[in-house]
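Enquirer: Here you go, this is protein04.cif (mmCIF, C-alpha atoms).
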```
data_start
#
loop_
_atom_site.group_PDB
_atom_site.id
_atom_site.type_symbol
_atom_site.label_atom_id
_atom_site.label_comp_id
_atom_site.auth_asym_id
_atom_site.auth_seq_id
_atom_site.Cartn_x
_atom_site.Cartn_y
_atom_site.Cartn_z
ATOM 1 C CA MET A 1 -42.732 41.534 26.223
ATOM 2 C CA GLU A 2 -43.811 38.596 28.329
ATOM 3 C CA SER A 3 -41.529 37.889 31.266
ATOM 4 C CA PRO A 4 -40.004 34.453 31.936
ATOM 5 C CA THR A 5 -41.699 34.425 35.340
ATOM 6 C CA GLY A 6 -45.157 34.536 33.758
ATOM 7 C CA ASN A 7 -44.152 31.751 31.372
ATOM 8 C CA LEU A 8 -42.878 29.691 34.267
ATOM 9 C CA HIS A 9 -46.224 30.107 36.056
ATOM 10 C CA LEU A 10 -48.024 28.983 32.888
ATOM 11 C CA LEU A 11 -45.740 25.956 32.720
ATOM 12 C CA GLN A 12 -46.496 25.204 36.354
ATOM 13 C CA LYS A 13 -50.259 25.458 35.706
ATOM 14 C CA ASN A 14 -50.063 23.262 32.622
ATOM 15 C CA THR A 15 -48.042 20.608 34.415
ATOM 16 C CA THR A 16 -50.435 20.516 37.388
ATOM 17 C CA GLY A 17 -53.712 20.357 35.442
ATOM 18 C CA PRO A 18 -56.623 17.976 35.944
ATOM 19 C CA SER A 19 -54.804 15.238 33.965
ATOM 20 C CA SER A 20 -52.504 14.598 36.982
ATOM 21 C CA SER A 21 -53.537 11.617 39.109
ATOM 22 C CA SER A 22 -50.812 11.724 41.820
ATOM 23 C CA SER A 23 -51.480 12.506 45.468
ATOM 24 C CA SER A 24 -51.524 15.983 47.022
ATOM 25 C CA THR A 25 -48.151 15.379 48.660
ATOM 26 C CA ALA A 26 -46.520 14.577 45.308
ATOM 27 C CA LEU A 27 -48.188 17.638 43.802
ATOM 28 C CA ARG A 28 -46.807 19.880 46.548
ATOM 29 C CA ARG A 29 -43.356 18.322 46.117
ATOM 30 C CA ASN A 30 -43.416 18.857 42.348
ATOM 31 C CA SER A 31 -44.690 22.385 42.818
ATOM 32 C CA PHE A 32 -41.882 23.171 45.267
ATOM 33 C CA SER A 33 -39.292 21.659 42.912
ATOM 34 C CA SER A 34 -40.668 23.703 40.001
ATOM 35 C CA MET A 35 -40.540 26.842 42.088
ATOM 36 C CA MET A 36 -36.905 26.143 43.036
ATOM 37 C CA VAL A 37 -35.983 25.589 39.394
ATOM 38 C CA GLU A 38 -37.866 28.746 38.421
ATOM 39 C CA SER A 39 -36.106 30.765 41.123
ATOM 40 C CA THR A 40 -32.683 29.450 40.124
ATOM 41 C CA VAL A 41 -33.225 30.138 36.409
ATOM 42 C CA ASN A 42 -34.676 33.626 37.029
ATOM 43 C CA ARG A 43 -31.774 34.551 39.317
ATOM 44 C CA TRP A 44 -29.213 33.316 36.748
ATOM 45 C CA LEU A 45 -30.914 35.097 33.834
ATOM 46 C CA THR A 46 -31.095 38.329 35.819
ATOM 47 C CA ALA A 47 -27.394 38.059 36.661
ATOM 48 C CA VAL A 48 -26.464 37.324 33.027
ATOM 49 C CA PHE A 49 -28.479 40.082 31.326
ATOM 50 C CA GLY A 50 -28.207 42.634 34.147
ATOM 51 C CA ASP A 51 -30.158 45.774 33.341
ATOM 52 C CA GLU A 52 -31.226 44.474 29.908
ATOM 53 C CA ALA A 53 -34.574 42.754 29.402
ATOM 54 C CA VAL A 54 -34.541 38.971 29.291
ATOM 55 C CA PRO A 55 -35.485 37.731 25.765
ATOM 56 C CA GLN A 56 -38.655 35.722 25.393
ATOM 57 C CA PHE A 57 -38.342 31.952 25.104
ATOM 58 C CA GLU A 58 -40.653 28.966 25.017
ATOM 59 C CA VAL A 59 -41.140 27.617 28.519
ATOM 60 C CA THR A 60 -41.152 23.838 28.458
ATOM 61 C CA ALA A 61 -39.798 21.146 30.690
ATOM 62 C CA ARG A 62 -36.896 20.639 28.279
ATOM 63 C CA THR A 63 -35.921 24.325 28.144
ATOM 64 C CA MET A 64 -36.155 24.638 31.924
ATOM 65 C CA ASP A 65 -33.886 21.611 32.396
ATOM 66 C CA VAL A 66 -31.347 23.024 29.952
ATOM 67 C CA LEU A 67 -31.448 26.470 31.570
ATOM 68 C CA GLU A 68 -31.071 24.921 35.017
ATOM 69 C CA GLN A 69 -27.998 22.962 33.874
ATOM 70 C CA LEU A 70 -26.531 26.105 32.294
ATOM 71 C CA ALA A 71 -27.161 28.024 35.523
ATOM 72 C CA GLN A 72 -25.431 25.321 37.580
ATOM 73 C CA PHE A 73 -22.443 25.237 35.219
ATOM 74 C CA SER A 74 -22.215 29.027 35.271
ATOM 75 C CA GLU A 75 -22.328 29.151 39.071
ATOM 76 C CA LEU A 76 -19.602 26.491 39.275
ATOM 77 C CA ARG A 77 -17.397 28.407 36.847
ATOM 78 C CA CYS A 78 -17.946 31.630 38.734
ATOM 79 C CA LEU A 79 -17.113 29.871 42.003
ATOM 80 C CA HIS A 80 -13.920 28.447 40.520
ATOM 81 C CA ALA A 81 -12.985 31.862 39.152
ATOM 82 C CA ARG A 82 -13.553 33.515 42.545
ATOM 83 C CA LEU A 83 -11.504 30.856 44.305
ATOM 84 C CA LEU A 84 -8.693 31.211 41.765
ATOM 85 C CA ALA A 85 -8.737 34.994 42.052
ATOM 86 C CA GLU A 86 -8.639 34.801 45.837
ATOM 87 C CA ASP A 87 -5.743 32.322 45.620
ATOM 88 C CA ARG A 88 -3.862 34.629 43.267
ATOM 89 C CA LYS A 89 -4.492 37.596 45.565
ATOM 90 C CA GLN A 90 -3.270 35.619 48.573
ATOM 91 C CA LYS A 91 -0.148 34.536 46.718
ATOM 92 C CA ALA A 92 0.444 38.110 45.591
ATOM 93 C CA VAL A 93 0.228 39.272 49.201
ATOM 94 C CA GLU A 94 2.626 36.501 50.249
ATOM 95 C CA TYR A 95 5.079 37.362 47.439
ATOM 96 C CA GLN A 96 4.896 41.054 48.366
ATOM 97 C CA ALA A 97 5.587 40.177 52.011
ATOM 98 C CA ASP A 98 8.544 37.980 50.994
ATOM 99 C CA ALA A 99 9.853 40.716 48.732
ATOM 100 C CA ALA A 100 9.564 43.298 51.484
ATOM 101 C CA HIS A 101 11.323 40.969 53.919
ATOM 102 C CA LEU A 102 14.148 40.275 51.475
ATOM 103 C CA GLN A 103 14.444 43.955 50.692
ATOM 104 C CA ASP A 104 14.702 44.746 54.396
ATOM 105 C CA VAL A 105 17.360 42.043 54.791
ATOM 106 C CA LEU A 106 19.359 43.416 51.867
ATOM 107 C CA VAL A 107 19.033 47.034 52.897
ATOM 108 C CA GLN A 108 19.368 46.760 56.663
ATOM 109 C CA GLY A 109 21.602 43.667 56.916
ATOM 110 C CA LEU A 110 23.890 44.100 53.892
ATOM 111 C CA GLY A 111 23.319 47.734 53.056
ATOM 112 C CA VAL A 112 22.460 46.857 49.454
ATOM 113 C CA SER A 113 19.624 48.624 47.633
ATOM 114 C CA PHE A 114 18.312 48.306 44.080
ATOM 115 C CA ALA A 115 19.621 51.753 43.192
ATOM 116 C CA SER A 116 23.136 50.849 44.311
ATOM 117 C CA LEU A 117 23.366 47.759 42.101
ATOM 118 C CA SER A 118 25.493 47.858 38.951
ATOM 119 C CA LYS A 119 24.032 47.483 35.464
ATOM 120 C CA SER A 120 25.498 43.987 35.023
ATOM 121 C CA CYS A 121 23.986 42.880 38.331
ATOM 122 C CA VAL A 122 20.612 44.276 37.299
ATOM 123 C CA ASP A 123 20.913 42.433 33.980
ATOM 124 C CA TYR A 124 21.748 39.192 35.800
ATOM 125 C CA LEU A 125 18.792 39.611 38.101
ATOM 126 C CA SER A 126 16.503 40.381 35.154
ATOM 127 C CA SER A 127 17.747 37.260 33.322
ATOM 128 C CA LEU A 128 17.236 35.199 36.464
ATOM 129 C CA MET A 129 13.738 36.589 36.833
ATOM 130 C CA ASP A 130 12.921 35.880 33.143
ATOM 131 C CA ASN A 131 14.257 32.337 33.443
ATOM 132 C CA ALA A 132 12.196 31.765 36.556
ATOM 133 C CA ALA A 133 9.096 33.032 34.720
ATOM 134 C CA VAL A 134 9.782 30.884 31.638
ATOM 135 C CA LEU A 135 10.633 27.626 33.426
ATOM 136 C CA PRO A 136 8.216 28.281 35.574
ATOM 137 C CA LEU A 137 9.713 28.262 39.046
ATOM 138 C CA ARG A 138 8.244 28.879 42.475
ATOM 139 C CA ASP A 139 11.387 30.739 43.431
ATOM 140 C CA THR A 140 14.940 31.271 42.190
ATOM 141 C CA SER A 141 16.598 28.892 44.605
ATOM 142 C CA LEU A 142 18.975 26.191 43.415
ATOM 143 C CA TYR A 143 16.565 23.480 44.550
ATOM 144 C CA SER A 144 13.922 24.871 42.179
ATOM 145 C CA LEU A 145 16.288 25.758 39.336
ATOM 146 C CA MET A 146 18.096 22.400 39.000
ATOM 147 C CA PRO A 147 14.976 20.200 38.596
ATOM 148 C CA ALA A 148 13.642 22.665 36.045
ATOM 149 C CA LEU A 149 16.932 22.553 34.111
ATOM 150 C CA ASN A 150 16.941 18.750 34.303
ATOM 151 C CA ARG A 151 13.392 18.713 33.026
ATOM 152 C CA LEU A 152 14.333 21.011 30.158
ATOM 153 C CA THR A 153 17.361 18.807 29.416
ATOM 154 C CA ASP A 154 15.142 15.740 29.290
ATOM 155 C CA GLU A 155 12.721 17.567 27.025
ATOM 156 C CA LEU A 156 15.642 18.612 24.802
ATOM 157 C CA LEU A 157 16.883 15.010 24.600
ATOM 158 C CA ASP A 158 13.396 13.795 23.815
ATOM 159 C CA ALA A 159 13.110 16.466 21.146
ATOM 160 C CA GLU A 160 16.470 15.430 19.660
ATOM 161 C CA LYS A 161 15.409 11.774 19.655
ATOM 162 C CA SER A 162 12.147 12.736 18.039
ATOM 163 C CA ASP A 163 14.076 14.843 15.521
ATOM 164 C CA ILE A 164 16.329 11.859 14.710
ATOM 165 C CA LYS A 165 13.279 9.626 14.246
ATOM 166 C CA LEU A 166 11.654 12.243 12.060
ATOM 167 C CA ASP A 167 14.853 12.589 9.998
ATOM 168 C CA ARG A 168 15.011 8.826 9.567
ATOM 169 C CA ALA A 169 11.366 8.697 8.584
ATOM 170 C CA LEU A 170 11.936 11.625 6.203
ATOM 171 C CA ARG A 171 14.881 9.823 4.560
ATOM 172 C CA ASN A 172 12.781 6.698 4.190
ATOM 173 C CA LEU A 173 9.991 8.743 2.666
ATOM 174 C CA ARG A 174 12.455 10.409 0.286
ATOM 175 C CA ASN A 175 13.857 7.018 -0.743
ATOM 176 C CA LYS A 176 10.360 5.674 -1.265
ATOM 177 C CA MET A 177 9.460 8.814 -3.184
ATOM 178 C CA SER A 178 12.543 8.440 -5.393
ATOM 179 C CA ALA A 179 11.706 4.782 -6.031
ATOM 180 C CA THR A 180 8.131 5.769 -6.750
ATOM 181 C CA LEU A 181 9.263 8.473 -9.184
ATOM 182 C CA VAL A 182 11.579 6.009 -10.957
ATOM 183 C CA LEU A 183 8.775 3.480 -11.118
ATOM 184 C CA GLY A 184 6.450 6.176 -12.402
ATOM 185 C CA GLU A 185 8.931 7.097 -15.146
ATOM 186 C CA GLN A 186 9.289 3.424 -16.076
ATOM 187 C CA LEU A 187 5.537 3.044 -16.162
ATOM 188 C CA GLN A 188 5.264 6.195 -18.271
ATOM 189 C CA ALA A 189 7.874 4.823 -20.685
ATOM 190 C CA ASN A 190 6.055 1.482 -20.811
ATOM 191 C CA VAL A 191 2.788 3.287 -21.444
ATOM 192 C CA SER A 192 4.411 5.272 -24.260
ATOM 193 C CA LYS A 193 5.843 2.078 -25.802
ATOM 194 C CA THR A 194 2.488 0.374 -25.445
ATOM 195 C CA CYS A 195 0.762 3.321 -27.127
ATOM 196 C CA GLN A 196 3.267 3.234 -29.986
ATOM 197 C CA ALA A 197 2.831 -0.529 -30.339
ATOM 198 C CA GLN A 198 -0.926 -0.042 -30.350
ATOM 199 C CA GLU A 199 -0.589 2.601 -33.057
ATOM 200 C CA VAL A 200 1.506 0.194 -35.144
ATOM 201 C CA GLU A 201 -0.922 -2.663 -34.560
ATOM 202 C CA ARG A 202 -3.829 -0.360 -35.384
ATOM 203 C CA ALA A 203 -2.160 0.619 -38.657
ATOM 204 C CA LYS A 204 -1.519 -3.063 -39.452
ATOM 205 C CA ALA A 205 -5.111 -3.919 -38.594
ATOM 206 C CA GLU A 206 -6.376 -1.135 -40.852
ATOM 207 C CA GLU A 207 -4.097 -2.397 -43.640
ATOM 208 C CA ARG A 208 -5.383 -5.951 -43.092
ATOM 209 C CA LEU A 209 -8.946 -4.654 -43.217
ATOM 210 C CA LEU A 210 -8.197 -2.887 -46.497
ATOM 211 C CA ASN A 211 -6.559 -6.048 -47.884
ATOM 212 C CA MET A 212 -9.491 -8.099 -46.661
ATOM 213 C CA ASP A 213 -11.919 -5.756 -48.382
ATOM 214 C CA PHE A 214 -9.846 -5.982 -51.573
ATOM 215 C CA LEU A 215 -9.685 -9.790 -51.340
ATOM 216 C CA LYS A 216 -13.417 -9.999 -50.696
ATOM 217 C CA ALA A 217 -14.092 -7.836 -53.756
ATOM 218 C CA LYS A 218 -11.636 -9.909 -55.820
ATOM 219 C CA ALA A 219 -13.153 -13.170 -54.624
ATOM 220 C CA LYS A 220 -16.613 -11.887 -55.478
ATOM 221 C CA GLU A 221 -15.392 -10.880 -58.947
ATOM 222 C CA ILE A 222 -13.725 -14.296 -59.503
ATOM 223 C CA ARG A 223 -16.853 -16.076 -58.260
ATOM 224 C CA SER A 224 -19.021 -14.109 -60.706
ATOM 225 C CA ARG A 225 -16.583 -14.795 -63.555
ATOM 226 C CA ARG A 226 -16.492 -18.510 -62.713
ATOM 227 C CA GLU A 227 -20.270 -18.676 -62.632
ATOM 228 C CA ALA A 228 -20.420 -16.876 -65.992
ATOM 229 C CA GLN A 229 -17.879 -19.267 -67.500
ATOM 230 C CA GLU A 230 -19.663 -22.287 -66.046
ATOM 231 C CA SER A 231 -22.932 -21.090 -67.506
ATOM 232 C CA GLN A 232 -21.170 -20.444 -70.837
ATOM 233 C CA LEU A 233 -19.649 -23.965 -70.854
ATOM 234 C CA ALA A 234 -22.994 -25.462 -69.902
ATOM 235 C CA SER A 235 -24.624 -23.643 -72.812
ATOM 236 C CA ARG A 236 -21.993 -25.151 -75.205
ATOM 237 C CA ASN A 237 -22.553 -28.737 -73.945
ATOM 238 C CA MET A 238 -18.961 -29.179 -72.789
ATOM 239 C CA MET A 239 -17.910 -32.779 -71.979
ATOM 240 C CA GLU A 240 -17.221 -33.603 -68.348
ATOM 241 C CA SER A 241 -13.942 -35.275 -69.293
ATOM 242 C CA LEU A 242 -12.550 -31.942 -70.507
ATOM 243 C CA SER A 243 -13.177 -30.143 -67.259
ATOM 244 C CA HIS A 244 -10.307 -28.851 -65.191
ATOM 245 C CA GLN A 245 -10.785 -31.410 -62.451
ATOM 246 C CA ALA A 246 -10.868 -34.283 -64.981
ATOM 247 C CA LEU A 247 -7.707 -33.017 -66.697
ATOM 248 C CA VAL A 248 -5.923 -32.702 -63.335
ATOM 249 C CA GLN A 249 -6.906 -36.244 -62.447
ATOM 250 C CA LEU A 250 -5.748 -37.501 -65.879
ATOM 251 C CA SER A 251 -2.385 -35.694 -65.442
ATOM 252 C CA GLU A 252 -1.937 -37.397 -62.058
ATOM 253 C CA GLU A 253 -2.633 -40.787 -63.636
ATOM 254 C CA VAL A 254 -0.112 -40.086 -66.429
ATOM 255 C CA ASN A 255 2.573 -39.162 -63.862
ATOM 256 C CA THR A 256 1.846 -42.385 -61.999
ATOM 257 C CA LEU A 257 2.218 -44.479 -65.194
ATOM 258 C CA LYS A 258 5.495 -42.719 -66.040
ATOM 259 C CA THR A 259 6.822 -43.578 -62.613
ATOM 260 C CA GLN A 260 5.854 -47.243 -63.114
ATOM 261 C CA ILE A 261 7.440 -47.388 -66.633
ATOM 262 C CA LYS A 262 10.912 -46.170 -65.532
ATOM 263 C CA PRO A 263 12.088 -49.539 -64.021
ATOM 264 C CA LEU A 264 10.779 -51.416 -67.072
ATOM 265 C CA LYS A 265 12.801 -49.171 -69.384
ATOM 266 C CA LYS A 266 15.935 -49.915 -67.347
ATOM 267 C CA LYS A 267 15.348 -53.668 -67.745
ATOM 268 C CA LEU A 268 14.857 -53.334 -71.538
ATOM 269 C CA GLN A 269 17.854 -51.025 -72.024
ATOM 270 C CA PRO A 270 20.309 -53.890 -72.984
ATOM 271 C CA PHE A 271 17.900 -55.114 -75.688
ATOM 272 C CA MET A 272 17.388 -51.723 -77.286
ATOM 273 C CA ASP A 273 20.405 -52.219 -79.698
ATOM 274 C CA LEU A 274 18.961 -55.450 -81.208
ATOM 275 C CA SER A 275 17.357 -55.277 -84.604
ATOM 276 C CA PRO A 276 13.705 -55.946 -84.769
ATOM 277 C CA SER A 277 14.340 -58.575 -87.597
ATOM 278 C CA PRO A 278 15.222 -62.160 -86.371
ATOM 279 C CA SER A 279 17.702 -62.805 -89.258
ATOM 280 C CA LEU A 280 19.604 -59.607 -88.601
ATOM 281 C CA ALA A 281 19.606 -60.482 -84.941
ATOM 282 C CA ARG A 282 21.258 -63.860 -85.721
ATOM 283 C CA VAL A 283 23.899 -62.108 -87.828
ATOM 284 C CA LYS A 284 24.641 -59.763 -84.939
ATOM 285 C CA ILE A 285 24.944 -62.731 -82.589
ATOM 286 C CA GLU A 286 27.385 -64.551 -84.957
ATOM 287 C CA GLU A 287 29.540 -61.469 -85.274
ATOM 288 C CA ALA A 288 29.642 -61.161 -81.518
ATOM 289 C CA LYS A 289 30.707 -64.850 -81.257
ATOM 290 C CA ARG A 290 33.531 -64.366 -83.723
ATOM 291 C CA GLU A 291 34.777 -61.300 -81.903
ATOM 292 C CA LEU A 292 34.660 -63.241 -78.651
ATOM 293 C CA THR A 293 36.661 -66.139 -80.225
ATOM 294 C CA ALA A 294 39.291 -63.708 -81.540
ATOM 295 C CA LEU A 295 39.650 -62.137 -78.162
ATOM 296 C CA ASP A 296 40.077 -65.570 -76.559
ATOM 297 C CA SER A 297 42.846 -66.540 -78.992
ATOM 298 C CA GLN A 298 44.676 -63.261 -78.425
ATOM 299 C CA MET A 299 44.536 -63.821 -74.719
ATOM 300 C CA GLU A 300 45.940 -67.328 -75.050
ATOM 301 C CA MET A 301 48.847 -66.038 -77.151
ATOM 302 C CA HIS A 302 49.684 -63.437 -74.532
ATOM 303 C CA VAL A 303 49.505 -66.095 -71.851
ATOM 304 C CA ASP A 304 51.894 -68.377 -73.787
ATOM 305 C CA LEU A 305 54.402 -65.580 -74.250
#
```
Write out the structure in this file as structure tokens.
Expert:
Amino acid sequence: MESPTGNLHLLQKNTTGPSSSSSSTALRRNSFSSMMVESTVNRWLTAVFGDEAVPQFEVTARTMDVLEQLAQFSELRCLHARLLAEDRKQKAVEYQADAAHLQDVLVQGLGVSFASLSKSCVDYLSSLMDNAAVLPLRDTSLYSLMPALNRLTDELLDAEKSDIKLDRALRNLRNKMSATLVLGEQLQANVSKTCQAQEVERAKAEERLLNMDFLKAKAKEIRSRREAQESQLASRNMMESLSHQALVQLSEEVNTLKTQIKPLKKKLQPFMDLSPSPSLARVKIEEAKRELTALDSQMEMHVDL
């Protein structure tokens, strides 16, 4: 297995080949920088893998930059972890010293020890300790407890307000959902009605198509029969005046003449009772004169009376 150090030396040789045209000072500076990067990466890899062998990897400028950044990040995290651990240890020592001092005060000043406390007092202290751990508090003094309780109260009020807003939004969503469901049912009913109407219209259309096919066949049959009859009439030398169109036109002319004759008949109606013979007509006129004279004389007699 080839070591990363040998690869780093190869990288250094490749990067400082005859293609470089910089001055000797720049070359020494680059070589020193490469050696620093190599040393940092090798130290970090050795610390990470410990006793295990470092896996092989391709040594390029890109991989060295990435490994250098990872090494720097790792060292920073380790430094932060050490500082945090030292801070926790220091605080633990301080808390232990405070606890010892308070225990001495309780035992020597008040004569109270943990073994002499009642069960209810131990329960109260345990609850106080749990509350201090949950809140979290620096200590169990009133000055630390009240702000924490106020903060929890504010958080509770904010949670209640948020709950009210969520309930309102939920009610609105339920109302919208109900309206949407009603609208969906209406749309479904409309779709069903539309489908039924389409089925009815489709049946009517099919019936019309059947009737149309029947009418087309009937019209074709009538057309063939008419052509056969026309050819038959043509073979018999039928007169044009006896055709259907000529007879219809003649019937219209006859109806027109009848309409024109009606007023003339009304004018001749008083003369229809006269005899066609002139002598008989004179006799009829004389009889009418005598009847008129008799009527006049009767009227005069009634007038005289």
Enquirer: Atom CA of A:Val41 and atom CA of A:Thr63, how far apart in Å?
Expert: 10.5 Å
Enquirer: For atom CA of A:Thr46 and atom CA of A:Leu70, determine how far apart the two atoms are, in Å to one decimal place.
Expert: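 So the answer is 13.5 Å.
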Enquirer: Would you mind reading off the distance between atom CA of A:Leu152 and atom CA of A:Asp123, one decimal, in Å?
Expert: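 Atom CA of A:Leu152 sits 22.7 Å away from atom CA of A:Asp123.
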